[in-house]
Amino acid sequence: MENFDILNALILLANFVIVPAISYGSQLAIAALGITIVYAVLRFSNFAHGDLMSFGTMTAILFTWLFQNLGITGGVLPTALIALPFAIIVTALLCLLIDKSVYRFYRKQKSHAVVFMIVSVGVMFILNATVRFIIGPNDRTFFDGEKFLIRALDFKASTGLEEGLTIKSTQLITVIVAIITMLLLFYFLQKTKMGKAMRAYSNNEDLALLSGINPDRVVMITWIIVGALGTIAGVLYGLDKSFKPFTYFQLLLPMFAAAIVGGIGNPIGAVVGGYIIAFSEIMLTYAYKKFFIYLLPEHLEPSGLMQFLSTDYKFAISFIILVIVLIIRPTGVFRGKTI
Amino acid sequence: MIEKYRAPLAFLVMALLLAIVGFGQSWSVALGIINLCIISAIMALGVNLQWGYAGLFNAGVMGFTALGGLTAVLISHQPIYEAWSGAGSGILLSGFILISAGFGIYFVHKKIEKIILKRTLIIFIIGITLIGLNIFYGPSVSIIESINPAKTGFLGGLGLPIIVSWLVAAFVAGFVAWIIGKITLGLRSDYLAIATLGISEIVIAILKHEDWLSRGVRNVTGLDRPVPYEIELQKTTWFIDLIASINTSKLQAAQILSDRQDILNKLVIDGSSIFVKLCYAGLFILVLLIIYFLSHLALQSPWGRMLRAIRDNEDAASAMGKNIVAKHLQVFVIGSAIIGIAGAMLTTLDGQFTPGSYQPLRFTFIIWVMVIVGGSGNNLGSIFGGFFIWFMWIEAEPLSIAFISLLTNGLDYNSPLRMHLIASAPHLRLFIMGSILLLALRFMPRGVIPEKVSKE
């Protein structure tokens with residue numbers, strides 16, 4: 001009986017903390033990668049990234065609807081996965097358009113990073129308005145296909161445990177897509193000629209120019225990658241939860257926190273930061289009462305919820321971690337500012 | 001030559017635009033816009049101090065505005081004695097625990113050298129604090145929130161006149177800004193932006209969810225007013241006489257006595273609303289002028305000159321022996337305090353405090369557009385930006401609806417595309433704001449009324 005209690009407690013933790021944190025962490029990691037790459041190559045904090053994600057997701061939703069109307073579906077998988085490549089293309093093109101019409105001017109002028117930041121606020125306004133104009137400000141779910149990988153009831157029946165484990169298929173999809181994306185990105189940055197050029201450019205712009213690296217190409221590739229990362233992160237988040245333009249704006253804080261905690265400008269840091277933020281956010285807002293009821297003898301059972309912070313304050317957690325890192329180690333866990 | 005007339009010309013255009021609204025729609029609407037314009041102008045002055053003088057990017061304007069609003073509630077609302085006697089001590093004790101924990105951590109962080117000992121002590125303090133809060137805070141909150149939840153359910157305020165809060169708000173916002181500044185100002189410039197963005201979200205989260213403090217999303221309504229109420233004005237004789245004497249010709253035109261009475265009643269009702277708005281406008285203009293002159297003096301003083309020197313070349317200023325971080329902290333605190341004042345004024349004008357209505361686009365980034373478009377580093381420019389951008393923000397909605405209607409004129413009246421476009425038209429307001437910002441940055445980076453470069 002004692003052993004079952006421990007198992008039950010672990011399953012409880014896995015169900016409510018570990019599985020959700022892994023999938024949310026993967027989404028944050030991909031999103032933070034987008035921010036960190038803009039920072040490393042173009043050298044500014046991109047406030048428009050949240051709304052870029054929401055634009056990408058909106059495009060994916062529109063393509064999903066188109067495919068559903070045409071009768072094309074993903075079967076057990078969500079149709080949005082088929083729509084994803086098309087959405088990436090559209091979003092990447094939009095990024096290039098924005099760069100050409102807006103950012104390039106300031107790059108030529110060699111404007112200060114803060115000016116770029118304000119410009120990105122303007123871009124944020126326009127993207128936000130575009131998304132709201134086309135699809136409206138309301139909540140939308142665009143998930144179809146098989147919803148659960150493991151259901152709580154089945155799990156209980158087959159293991160005989162009191163606690164059930166639920167794994168949504170979106171959670172598995174998130175993790176797989178995120179791993180593929182990261183592997184591709186790191187392969188690109190480490191092994192290909194263009195990736196090396198990007199890293200060189202990020203490290204020392206003048207030296208890179210002297211070695212014959214074409215800066216316009218580097219910037220172009222960067223925006224394509226950023227558009228792709230933003231769309232992927234946005235679609236994964238939207239599939240897992242739901243799509244609402246305002247939530248994507250609110251994700252800015254955890255995303256920046258992830259990028260800074262890991263060491264802004266450092267892709268590995270962004271990934272690690274994403275998981276750090278996600279795990280702390282979920283672990284600190286989870287009520288551990290039931291967990292301790294399983295583990296502790298009866299007379300020690302907790303009376304309260306055993307919750308550090310109410311879920312209303314999950315934004316506060318990313319902020320607090322950010323502040324702690326800024327005080328203790330301002331460069332982030334991995335020394336930032338090179339890729 | 002043109003440079004010299006830029007400011008008067010800009011304000012003339014602004015006055016014309018407001019007059020068009022006054023004659024076209026009504027003076028009550030125009031005055032409503034003007035009042036919010038003045039508040040926006042004060043916020044823009046605060047941001048201008050931070051950005052225009054010192055080059056600091058504060059992305060948390062919304063948070064400081066909301067803190068000002070909270071101060072207005074806490075100063076002016078009547079105290080709820082029941083709640084205080086039931087659980088006031090618990091809340092005070094929790095506050096005391098939090099503050100002493102803060103001091104304790106600060107002390108340990110500064111004084112203790114050994115890293116391991118330092119971290120253990122900090123974790124120990126945090127643990128004790130959490131236990132203490134669990135004992136005192138939770139139960140007190142549930143007591144307070146259970147007292148008459150439909151009407152109060154919070155601690156109430158001090159019951160002082162609401163005008164007092166305008167001053168207090170400056171200190172509250174300034175204090176919070178000081179904490180943020182202490183943590184982030186030594187670091188890279190973008191960290192300040194992210195940290196302020198974060199703190200503003202947290203302030204809003206606290207105001208929304210700590211019901212004992214601010215009633216949360218149930219809002220606090222019926223706040224004290226520094227100006228008379230319309231209903232009472234309509235009953236006072238001197239006001240009715242005033243309206244009658246202004247409108248003698250109109251009244252004499254009416255032949256029958258009862259008609260004359262009806263017309264007078266209607267005029268009195270309209271007049272009372274305009275009178276109240278005028279009172280607010282008077283108060284606000286007074287505050288605006290005071291803040292403007294203080295900022296103007298600050299800009300002309302050696303202190304302002306030093307700030308600009310730091311902004312234009314940090315390394316040179318540092319080499320001259322100026323403590324850059326300390327000066328940045330000063331200006332950040334003062335700017336945030338001004339934003340806090342504006343926040344308290346806004347809540348006073350609304351007569352209610354609604355934490356749910358604070359949106360970052362509306363309260364943070366619009367203020368930025370005002371400063372940039374008006375002219376960063378120029379106080380008159382910020383005031384103009386505040387007026388102009390707020391005016392555009394209000395008028396953008398009818399304009400975009402009119403524009404879309406014109407555009408979809410050829411479509412069938414009930415076509416789904418037209419319905420969708422008309423329904424989405426209000427969102428174009430953000431589009432207009434973004435375009436104004438980008439266009440201003442590109443073609444008029446110094447703003448409508450640029451900063452004066454003194455030739456000394």
# chains A, B, ... in the order shown; residues from 1 in each chain; ligands from 1

$ residues_around --residues "range 177-180 of chain A" --least-positions-apart "2" --cutoff "8 Å" --atoms "only C-alpha atoms" --output "list in words"
Ser26, Gln27, Ile30, Ile173, Thr174, Val175, Met182, Leu183 and Leu184 of chain A

$ residues_around --residues "Leu406 in chain B" --least-positions-apart "6" --cutoff "12 Å" --atoms "only C-alpha atoms" --output "ChimeraX atom specification"
/B:399-400,418,421-422,425

$ interface_residues --of "chain B" --to "chain A" --cutoff "7 Å" --atoms "only C-alpha atoms" --output "mmCIF file with N, CA and C atoms, in the first residue's frame"
data_model
loop_
_atom_site.group_PDB
_atom_site.id
_atom_site.type_symbol
_atom_site.label_atom_id
_atom_site.label_comp_id
_atom_site.auth_asym_id
_atom_site.auth_seq_id
_atom_site.Cartn_x
_atom_site.Cartn_y
_atom_site.Cartn_z
ATOM 1 N N ILE B 183 17.230 47.847 -9.303
ATOM 2 C CA ILE B 183 17.606 46.524 -9.799
ATOM 3 C C ILE B 183 18.149 46.597 -11.214
ATOM 4 N N ASP B 190 18.011 47.590 -22.497
ATOM 5 C CA ASP B 190 16.753 46.884 -22.787
ATOM 6 C C ASP B 190 16.207 46.152 -21.571
ATOM 7 N N GLY B 198 7.308 43.935 -17.140
ATOM 8 C CA GLY B 198 6.923 42.911 -16.173
ATOM 9 C C GLY B 198 6.237 43.510 -14.964
ATOM 10 N N ILE B 202 2.475 42.859 -13.331
ATOM 11 C CA ILE B 202 2.277 42.356 -11.975
ATOM 12 C C ILE B 202 1.388 43.297 -11.173
ATOM 13 N N ALA B 205 -2.013 42.566 -12.153
ATOM 14 C CA ALA B 205 -2.464 41.282 -11.607
ATOM 15 C C ALA B 205 -2.827 41.437 -10.136
ATOM 16 N N SER B 424 -15.041 44.854 -37.941
ATOM 17 C CA SER B 424 -13.637 44.896 -37.531
ATOM 18 C C SER B 424 -13.059 46.296 -37.599
ATOM 19 N N HIS B 427 -10.813 48.028 -34.958
ATOM 20 C CA HIS B 427 -9.440 47.581 -34.722
ATOM 21 C C HIS B 427 -8.441 48.368 -35.546
ATOM 22 N N LEU B 428 -8.938 49.084 -36.558
ATOM 23 C CA LEU B 428 -8.032 49.878 -37.376
ATOM 24 C C LEU B 428 -7.383 50.988 -36.572
ATOM 25 N N LEU B 430 -5.723 50.780 -33.871
ATOM 26 C CA LEU B 430 -4.347 50.397 -33.544
ATOM 27 C C LEU B 430 -3.447 50.533 -34.768
ATOM 28 N N PHE B 431 -4.045 50.218 -35.926
ATOM 29 C CA PHE B 431 -3.297 50.308 -37.171
ATOM 30 C C PHE B 431 -2.879 51.759 -37.414
ATOM 31 N N GLY B 434 -0.070 52.696 -34.998
ATOM 32 C CA GLY B 434 1.208 52.119 -35.417
ATOM 33 C C GLY B 434 1.772 52.873 -36.609
ATOM 34 N N LEU B 437 3.161 56.206 -35.591
ATOM 35 C CA LEU B 437 4.449 56.044 -34.914
ATOM 36 C C LEU B 437 5.567 55.786 -35.917
ATOM 37 N N LEU B 438 5.322 54.819 -36.838
ATOM 38 C CA LEU B 438 6.380 54.459 -37.781
ATOM 39 C C LEU B 438 6.693 55.608 -38.728
#

$ select_by_dssp --residues "range 317-370 of chain B" --states "helix (DSSP H, G or I)" --output "PyMOL selection string"
chain B and resi 317-319+324-350+355-357+360-370

$ write_last_selection --atoms "C-alpha atoms" --output "PDB file, in the first residue's frame"
ATOM      1  CA  ALA B 317      29.797  62.133 -19.049  1.00  0.00           C
ATOM      2  CA  SER B 318      31.175  59.305 -16.997  1.00  0.00           C
ATOM      3  CA  ALA B 319      34.699  60.505 -17.635  1.00  0.00           C
ATOM      4  CA  ILE B 324      25.306  57.849 -14.560  1.00  0.00           C
ATOM      5  CA  VAL B 325      23.340  55.158 -12.754  1.00  0.00           C
ATOM      6  CA  ALA B 326      22.426  57.491  -9.887  1.00  0.00           C
ATOM      7  CA  LYS B 327      21.253  60.238 -12.259  1.00  0.00           C
ATOM      8  CA  HIS B 328      19.240  57.756 -14.287  1.00  0.00           C
ATOM      9  CA  LEU B 329      17.627  56.534 -11.089  1.00  0.00           C
ATOM     10  CA  GLN B 330      16.653  60.097 -10.153  1.00  0.00           C
ATOM     11  CA  VAL B 331      15.058  60.852 -13.468  1.00  0.00           C
ATOM     12  CA  PHE B 332      13.337  57.478 -13.652  1.00  0.00           C
ATOM     13  CA  VAL B 333      11.757  58.001 -10.232  1.00  0.00           C
ATOM     14  CA  ILE B 334      10.647  61.550 -11.007  1.00  0.00           C
ATOM     15  CA  GLY B 335       9.177  60.561 -14.372  1.00  0.00           C
ATOM     16  CA  SER B 336       7.271  57.652 -12.869  1.00  0.00           C
ATOM     17  CA  ALA B 337       5.980  59.894 -10.092  1.00  0.00           C
ATOM     18  CA  ILE B 338       4.517  62.238 -12.705  1.00  0.00           C
ATOM     19  CA  ILE B 339       2.849  59.277 -14.409  1.00  0.00           C
ATOM     20  CA  GLY B 340       1.453  58.273 -11.010  1.00  0.00           C
ATOM     21  CA  ILE B 341      -0.090  61.727 -10.579  1.00  0.00           C
ATOM     22  CA  ALA B 342      -1.745  61.407 -13.968  1.00  0.00           C
ATOM     23  CA  GLY B 343      -3.062  57.973 -12.971  1.00  0.00           C
ATOM     24  CA  ALA B 344      -4.677  59.364  -9.835  1.00  0.00           C
ATOM     25  CA  MET B 345      -6.204  62.196 -11.856  1.00  0.00           C
ATOM     26  CA  LEU B 346      -7.590  59.733 -14.359  1.00  0.00           C
ATOM     27  CA  THR B 347      -9.303  57.722 -11.640  1.00  0.00           C
ATOM     28  CA  THR B 348     -10.635  60.947 -10.132  1.00  0.00           C
ATOM     29  CA  LEU B 349     -12.110  61.951 -13.462  1.00  0.00           C
ATOM     30  CA  ASP B 350     -13.702  58.532 -13.999  1.00  0.00           C
ATOM     31  CA  PRO B 355      -8.438  47.322 -12.729  1.00  0.00           C
ATOM     32  CA  GLY B 356      -9.742  45.325 -15.694  1.00  0.00           C
ATOM     33  CA  SER B 357      -9.595  48.365 -17.954  1.00  0.00           C
ATOM     34  CA  PRO B 360      -0.800  47.944 -22.164  1.00  0.00           C
ATOM     35  CA  LEU B 361      -1.550  49.231 -25.653  1.00  0.00           C
ATOM     36  CA  ARG B 362      -3.833  51.932 -24.338  1.00  0.00           C
ATOM     37  CA  PHE B 363      -1.820  52.975 -21.296  1.00  0.00           C
ATOM     38  CA  THR B 364       1.796  52.303 -22.179  1.00  0.00           C
ATOM     39  CA  PHE B 365       2.474  52.302 -25.859  1.00  0.00           C
ATOM     40  CA  ILE B 366       0.074  55.083 -26.832  1.00  0.00           C
ATOM     41  CA  ILE B 367       1.915  57.356 -24.415  1.00  0.00           C
ATOM     42  CA  TRP B 368       5.092  56.470 -26.232  1.00  0.00           C
ATOM     43  CA  VAL B 369       3.535  57.427 -29.545  1.00  0.00           C
ATOM     44  CA  MET B 370       2.596  60.781 -27.978  1.00  0.00           C
TER      45      MET B 370
END

$ residues_around --residues "Ala298 in chain B" --least-positions-apart "2" --cutoff "12 Å" --atoms "only C-alpha atoms" --output "MDAnalysis selection string"
chainID B and resid 49 53 291:296 300:308 331 334:335 377:379

$ write_last_selection --atoms "C-alpha atoms" --output "short mmCIF file (atom, residue, chain, number, x, y, z; two decimals), in the first residue's frame"
data_model
loop_
_atom_site.label_atom_id
_atom_site.label_comp_id
_atom_site.auth_asym_id
_atom_site.auth_seq_id
_atom_site.Cartn_x
_atom_site.Cartn_y
_atom_site.Cartn_z
CA LEU B 49 11.45 63.19 -18.79
CA TYR B 53 15.97 63.82 -21.21
CA ILE B 291 4.40 70.10 -13.95
CA TYR B 292 5.27 71.79 -17.22
CA PHE B 293 7.02 74.69 -15.54
CA LEU B 294 8.88 72.42 -13.16
CA SER B 295 10.04 70.20 -16.03
CA HIS B 296 10.94 73.26 -18.05
CA GLN B 300 17.16 74.51 -18.27
CA SER B 301 19.02 73.81 -15.04
CA PRO B 302 22.52 72.35 -14.80
CA TRP B 303 20.81 69.10 -13.82
CA GLY B 304 18.93 68.97 -17.12
CA ARG B 305 22.07 69.85 -19.02
CA MET B 306 23.91 67.05 -17.30
CA LEU B 307 21.14 64.57 -18.14
CA ARG B 308 21.32 65.49 -21.80
CA VAL B 331 15.06 60.85 -13.47
CA ILE B 334 10.65 61.55 -11.01
CA GLY B 335 9.18 60.56 -14.37
CA GLY B 377 13.14 66.07 -25.35
CA ASN B 378 10.71 68.95 -25.78
CA ASN B 379 8.08 69.45 -23.09
#

$ closest_atom_pairs --of "range 73-104 of chain A" --to "range 52-68 of chain A" --cutoff "8 Å" --atoms "only C-alpha atoms" --output "Markdown table"
| residue | atom | partner | partner_atom | distance |
| --- | --- | --- | --- | --- |
| A:Thr73 | CA | A:Gln68 | CA | 6.0 |
| A:Thr79 | CA | A:Thr64 | CA | 5.9 |
| A:Ala80 | CA | A:Thr64 | CA | 5.3 |
| A:Ile82 | CA | A:Thr64 | CA | 7.7 |
| A:Ala83 | CA | A:Phe63 | CA | 5.4 |
| A:Leu84 | CA | A:Ala60 | CA | 5.7 |
| A:Phe86 | CA | A:Ala60 | CA | 7.3 |
| A:Ala87 | CA | A:Ala60 | CA | 4.9 |
| A:Ile88 | CA | A:Gly56 | CA | 6.8 |
| A:Val90 | CA | A:Thr59 | CA | 7.5 |
| A:Thr91 | CA | A:Gly56 | CA | 5.6 |

$ write_last_selection --atoms "C-alpha atoms" --output "PDB file, in the first residue's frame"
ATOM      1  CA  THR A  73      -7.491  16.704 -42.935  1.00  0.00           C
ATOM      2  CA  THR A  79      -4.863  19.684 -39.809  1.00  0.00           C
ATOM      3  CA  ALA A  80      -2.885  22.656 -38.574  1.00  0.00           C
ATOM      4  CA  ILE A  82      -0.343  20.467 -42.747  1.00  0.00           C
ATOM      5  CA  ALA A  83      -1.075  24.181 -42.721  1.00  0.00           C
ATOM      6  CA  LEU A  84       2.094  24.949 -40.770  1.00  0.00           C
ATOM      7  CA  PHE A  86       2.295  27.344 -45.673  1.00  0.00           C
ATOM      8  CA  ALA A  87       1.887  29.616 -42.670  1.00  0.00           C
ATOM      9  CA  ILE A  88       5.652  29.680 -42.216  1.00  0.00           C
ATOM     10  CA  VAL A  90       3.572  33.592 -45.464  1.00  0.00           C
ATOM     11  CA  THR A  91       4.990  34.766 -42.130  1.00  0.00           C
TER      12      THR A  91
END

$ closest_residue --among "A:Leu70, A:Leu284, A:Ala259, A:Leu300" --to "Gly332 in chain A" --atoms "only C-alpha atoms"
A:Ala259

$ closest_residue --among "A:Thr311, A:Ser158, A:Leu12, A:Ile176" --to "Phe292 in chain A" --atoms "only C-alpha atoms"
A:Leu12

$ select_by_dssp --residues "range 101-228 of chain A" --states "strand (DSSP E or B)" --output "list of chain:residue names"
A:Arg140, A:Phe148, A:Leu149, A:Ile150, A:Ile167, A:Lys168

$ residues_around --residues "range 125-133 of chain B" --least-positions-apart "2" --cutoff "9 Å" --atoms "only C-alpha atoms" --output "list in words"
Phe308 of chain A; Leu93, Ser94, Gly95, Ile97, Leu98, Ala101, Gly104, Ile105, Thr120, Leu121, Ile122, Ile123, Ile135, Phe136, Tyr137 and Gly138 of chain B

$ atom_distance --atom1 "CA of Gln252 in chain B" --atom2 "CA of Val276 in chain B"
26.3 Å

$ residues_around --residues "Leu7 in chain A" --least-positions-apart "2" --cutoff "12 Å" --atoms "only C-alpha atoms" --output "ChimeraX atom specification"
/A:1-5,9-14,159-165,291,294-295

$ atom_distance --atom1 "CA of Val448 in chain B" --atom2 "CA of Trp393 in chain B"
17.5 Å

$ residues_around --residues "Met255 in chain A" --least-positions-apart "3" --cutoff "7 Å" --atoms "only C-alpha atoms" --output "MDAnalysis selection string"
chainID A and resid 28 31:32 251:252 258:259

$ write_last_selection --atoms "C-alpha atoms" --output "mmCIF file, in the first residue's frame"
data_model
loop_
_atom_site.group_PDB
_atom_site.id
_atom_site.type_symbol
_atom_site.label_atom_id
_atom_site.label_comp_id
_atom_site.auth_asym_id
_atom_site.auth_seq_id
_atom_site.Cartn_x
_atom_site.Cartn_y
_atom_site.Cartn_z
ATOM 1 C CA LEU A 28 8.499 29.022 -24.760
ATOM 2 C CA ALA A 31 9.525 31.481 -28.992
ATOM 3 C CA ALA A 32 12.553 32.611 -26.995
ATOM 4 C CA LEU A 251 3.558 35.883 -23.644
ATOM 5 C CA LEU A 252 6.173 38.584 -24.325
ATOM 6 C CA ALA A 258 13.372 32.874 -20.917
ATOM 7 C CA ALA A 259 15.757 34.515 -23.356
#
